[in-house]
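See structure below.
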Amino acid sequence: MTPGELYNQYASETAQEFDREAEDLVWEQTQGQPWLVNAIAREIVSAKENNKNKIKAERVSSAIQALVLRRDTHFDSLMARLHEDRVRKIIEPVITGTEAAISRFSDDYGYVKDLGLIRDDLGKTEFANPIYTEVIIRSLNWDTQKEIEETETQYQIPRYIKDNAIDMDYLLRDFQAFWRENSDIWQKKYDYREAAPQLVLQAFLQRVLNGGGEIIREFAAGTGRADICVIYLQKKYPIEMKIRYGDSTYDTGVKQILGYMDTLGCDKGWLVIFDQRRAIAWDDKLYVRKEHIGGKTVSVHGC
């Protein structure tokens, strides 16, 4: 049953209709997952607001945010599975964008797929839907985010807001300093050690969302990348996160972020490259370079 068909039933029972844009947003965010589709409808109709008007996409977005923040039993029971080793083996490569660690014919892969956490899309393994993506990342980096908020007062988000825009270069330079000081500590705390750099950066950025922004996350195993887009006051800030696996990582990353920028219609983007080599000094790992290509600017931040 599609969201539209289900919501027609809600309309007959509650006299609250969903407009087409709202139904499309539900499908996009849930990919038809039955519990999520029902939970969004219940969240909206239980509020009993403007019941004479059609339900718009804005109310769907608010309902989704409420569900994610509240973390109902459905989410908690699924997220508890994340700490199982067989689940981590599949989920971690999705976060990092790597593929070699995944065997689609393994029992572990079938198990995680049966849980409903992942799906196959054109040969790529990705999270089952955007809502699960959000809940999974928030669950894995929750402790990091709270600790940054409570103890690292020098990294509070208001200092990065200027003229109603995020100074992303400033923010990422501060993240470089934070990562230099704390990377060893945080990586040891994570079960997902390979994904720790991406998770910690997203925890660092999460405060933008908490301050009224939004983070769009796009992860899929086999892409060799992890893309996020910070949205603040309708401005988009595309960021690509990569682990250094060789000298070609830099050039490949620049090409990939340019492609992501084209998709989003942005002329500025940011590439963060994590160099995990122990033998390399921090002064060599940390750098900021600007690449100007075809009228677009890519800021590359080494970590």
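Note on naming: chains are A, B, ... as they come in the structure tokens, residues start from 1 per chain, ligands start from 1 in the order shown.
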
DSSP says strand (DSSP E or B) for which residues of region 87-299 of chain A? Put them as a PyMOL selection string?
-> chain A and resi 118-121+124-127+161-162+165-166+214-221+226-232+235-243+268-274+287-293+296-299

Please run DSSP on the backbone and report, as a PyMOL selection string, all residues within region 79-141 of chain A that come out as alpha helix (DSSP H).
-> chain A and resi 79-80+85-96+107-115+130-141

Emit the selected residues as a CSV table (one decimal), in the first residue's frame, including N, CA and C atoms.
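The file below, selection.csv, is the result:
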chain,number,residue,atom,x,y,z
A,79,MET,N,17.9,0.4,16.7
A,79,MET,CA,19.2,1.0,17.0
A,79,MET,C,20.0,0.1,17.9
A,80,ALA,N,19.3,-0.6,18.8
A,80,ALA,CA,20.1,-1.5,19.7
A,80,ALA,C,20.8,-2.6,18.9
A,85,ASP,N,28.0,-7.1,16.3
A,85,ASP,CA,29.1,-7.1,15.4
A,85,ASP,C,28.7,-7.4,13.9
A,86,ARG,N,27.8,-8.3,13.7
A,86,ARG,CA,27.3,-8.7,12.4
A,86,ARG,C,26.6,-7.5,11.7
A,87,VAL,N,26.0,-6.7,12.5
A,87,VAL,CA,25.3,-5.5,11.9
A,87,VAL,C,26.4,-4.4,11.6
A,88,ARG,N,27.3,-4.2,12.5
A,88,ARG,CA,28.4,-3.2,12.3
A,88,ARG,C,29.1,-3.5,11.0
A,89,LYS,N,29.4,-4.8,10.7
A,89,LYS,CA,30.2,-5.2,9.5
A,89,LYS,C,29.5,-4.7,8.3
A,90,ILE,N,28.2,-4.6,8.3
A,90,ILE,CA,27.5,-4.1,7.1
A,90,ILE,C,27.2,-2.6,7.1
A,91,ILE,N,26.9,-2.1,8.3
A,91,ILE,CA,26.5,-0.7,8.4
A,91,ILE,C,27.7,0.2,8.2
A,92,GLU,N,28.8,-0.2,8.8
A,92,GLU,CA,30.0,0.7,8.7
A,92,GLU,C,30.5,1.0,7.3
A,93,PRO,N,30.6,0.1,6.4
A,93,PRO,CA,30.9,0.4,5.0
A,93,PRO,C,29.9,1.3,4.3
A,94,VAL,N,28.7,1.3,4.7
A,94,VAL,CA,27.7,2.2,4.2
A,94,VAL,C,28.0,3.6,4.6
A,95,ILE,N,28.4,3.8,5.8
A,95,ILE,CA,28.8,5.2,6.3
A,95,ILE,C,30.0,5.7,5.7
A,96,THR,N,31.0,4.8,5.5
A,96,THR,CA,32.3,5.3,5.0
A,96,THR,C,32.3,5.3,3.4
A,107,ASP,N,25.4,-14.3,5.3
A,107,ASP,CA,24.3,-14.3,6.2
A,107,ASP,C,24.1,-13.0,6.9
A,108,ASP,N,25.3,-12.3,7.2
A,108,ASP,CA,25.2,-11.0,7.9
A,108,ASP,C,24.4,-10.0,7.1
A,109,TYR,N,24.7,-10.0,5.8
A,109,TYR,CA,24.1,-9.1,4.9
A,109,TYR,C,22.6,-9.3,4.8
A,110,GLY,N,22.2,-10.6,4.7
A,110,GLY,CA,20.8,-11.0,4.7
A,110,GLY,C,20.1,-10.6,6.0
A,111,TYR,N,20.8,-10.8,7.1
A,111,TYR,CA,20.2,-10.4,8.4
A,111,TYR,C,19.9,-8.9,8.5
A,112,VAL,N,20.9,-8.1,8.1
A,112,VAL,CA,20.7,-6.7,8.3
A,112,VAL,C,19.6,-6.2,7.3
A,113,LYS,N,19.6,-6.8,6.1
A,113,LYS,CA,18.6,-6.4,5.2
A,113,LYS,C,17.2,-6.8,5.7
A,114,ASP,N,17.1,-8.0,6.3
A,114,ASP,CA,15.8,-8.4,6.9
A,114,ASP,C,15.3,-7.5,8.0
A,115,LEU,N,16.3,-7.0,8.7
A,115,LEU,CA,15.9,-6.0,9.8
A,115,LEU,C,15.3,-4.7,9.2
A,130,PRO,N,15.8,7.8,4.2
A,130,PRO,CA,16.4,8.9,4.9
A,130,PRO,C,16.1,9.0,6.4
A,131,ILE,N,14.9,8.6,6.8
A,131,ILE,CA,14.7,8.7,8.2
A,131,ILE,C,15.6,7.7,9.0
A,132,TYR,N,15.7,6.5,8.5
A,132,TYR,CA,16.6,5.6,9.2
A,132,TYR,C,18.1,6.1,9.1
A,133,THR,N,18.4,6.7,8.0
A,133,THR,CA,19.8,7.3,7.9
A,133,THR,C,20.0,8.3,9.1
A,134,GLU,N,19.0,9.2,9.3
A,134,GLU,CA,19.2,10.2,10.3
A,134,GLU,C,19.2,9.6,11.7
A,135,VAL,N,18.4,8.6,11.9
A,135,VAL,CA,18.3,8.0,13.3
A,135,VAL,C,19.6,7.2,13.5
A,136,ILE,N,20.1,6.5,12.6
A,136,ILE,CA,21.3,5.7,12.7
A,136,ILE,C,22.5,6.6,13.1
A,137,ILE,N,22.7,7.6,12.3
A,137,ILE,CA,23.8,8.5,12.5
A,137,ILE,C,23.7,9.2,13.9
A,138,ARG,N,22.5,9.7,14.2
A,138,ARG,CA,22.3,10.4,15.5
A,138,ARG,C,22.6,9.4,16.6
A,139,SER,N,22.2,8.1,16.5
A,139,SER,CA,22.4,7.2,17.5
A,139,SER,C,23.8,6.9,17.7
A,140,LEU,N,24.6,6.8,16.7
A,140,LEU,CA,26.0,6.4,16.8
A,140,LEU,C,26.9,7.6,17.3
A,141,ASN,N,26.5,8.8,17.0
A,141,ASN,CA,27.3,9.9,17.4
A,141,ASN,C,26.7,10.8,18.5

Find, counting only C-alpha atoms, the residue in A:Phe274, A:Trp282, A:Tyr237, A:Trp142 that gets nearest to Val298 (chain A).
->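 Comparing A:Phe274, A:Trp282, A:Tyr237, A:Trp142 against Val298 (chain A), the winner is A:Tyr237.
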
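CA of Arg244 (chain A) is positioned 7.1 Å from CA of Gln276 (chain A).
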
Expressed in Å, the length from CA of Ser299 (chain A) to CA of Leu271 (chain A) is 6.2 Å

Quick one: which region 189-271 of chain A residues come within 12 Å of region 119-125 of chain A, and what is the nearest atom pair for each with the distance in Å to one decimal, counting only C-alpha atoms, rows ordered by chain and ascending number, as a tab-separated table?
residue	atom	partner	partner_atom	distance
A:Glu218	CA	A:Thr125	CA	11.6
A:Phe219	CA	A:Thr125	CA	8.8
A:Ala220	CA	A:Thr125	CA	5.5
A:Ala221	CA	A:Thr125	CA	5.3
A:Gly222	CA	A:Lys124	CA	6.3
A:Thr223	CA	A:Lys124	CA	7.8
A:Gly224	CA	A:Lys124	CA	11.1

Would you mind exporting C-alpha atoms of the selected residues as a CSV table (one decimal), in the first residue's frame?
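To be explicit, this is the file written out as selection16.csv:
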chain,number,residue,atom,x,y,z
A,218,GLU,CA,23.8,10.6,1.5
A,219,PHE,CA,25.6,7.4,2.2
A,220,ALA,CA,26.1,4.3,0.1
A,221,ALA,CA,28.7,1.5,0.1
A,222,GLY,CA,30.8,1.3,-3.0
A,223,THR,CA,30.8,5.0,-3.8
A,224,GLY,CA,34.1,5.7,-2.0
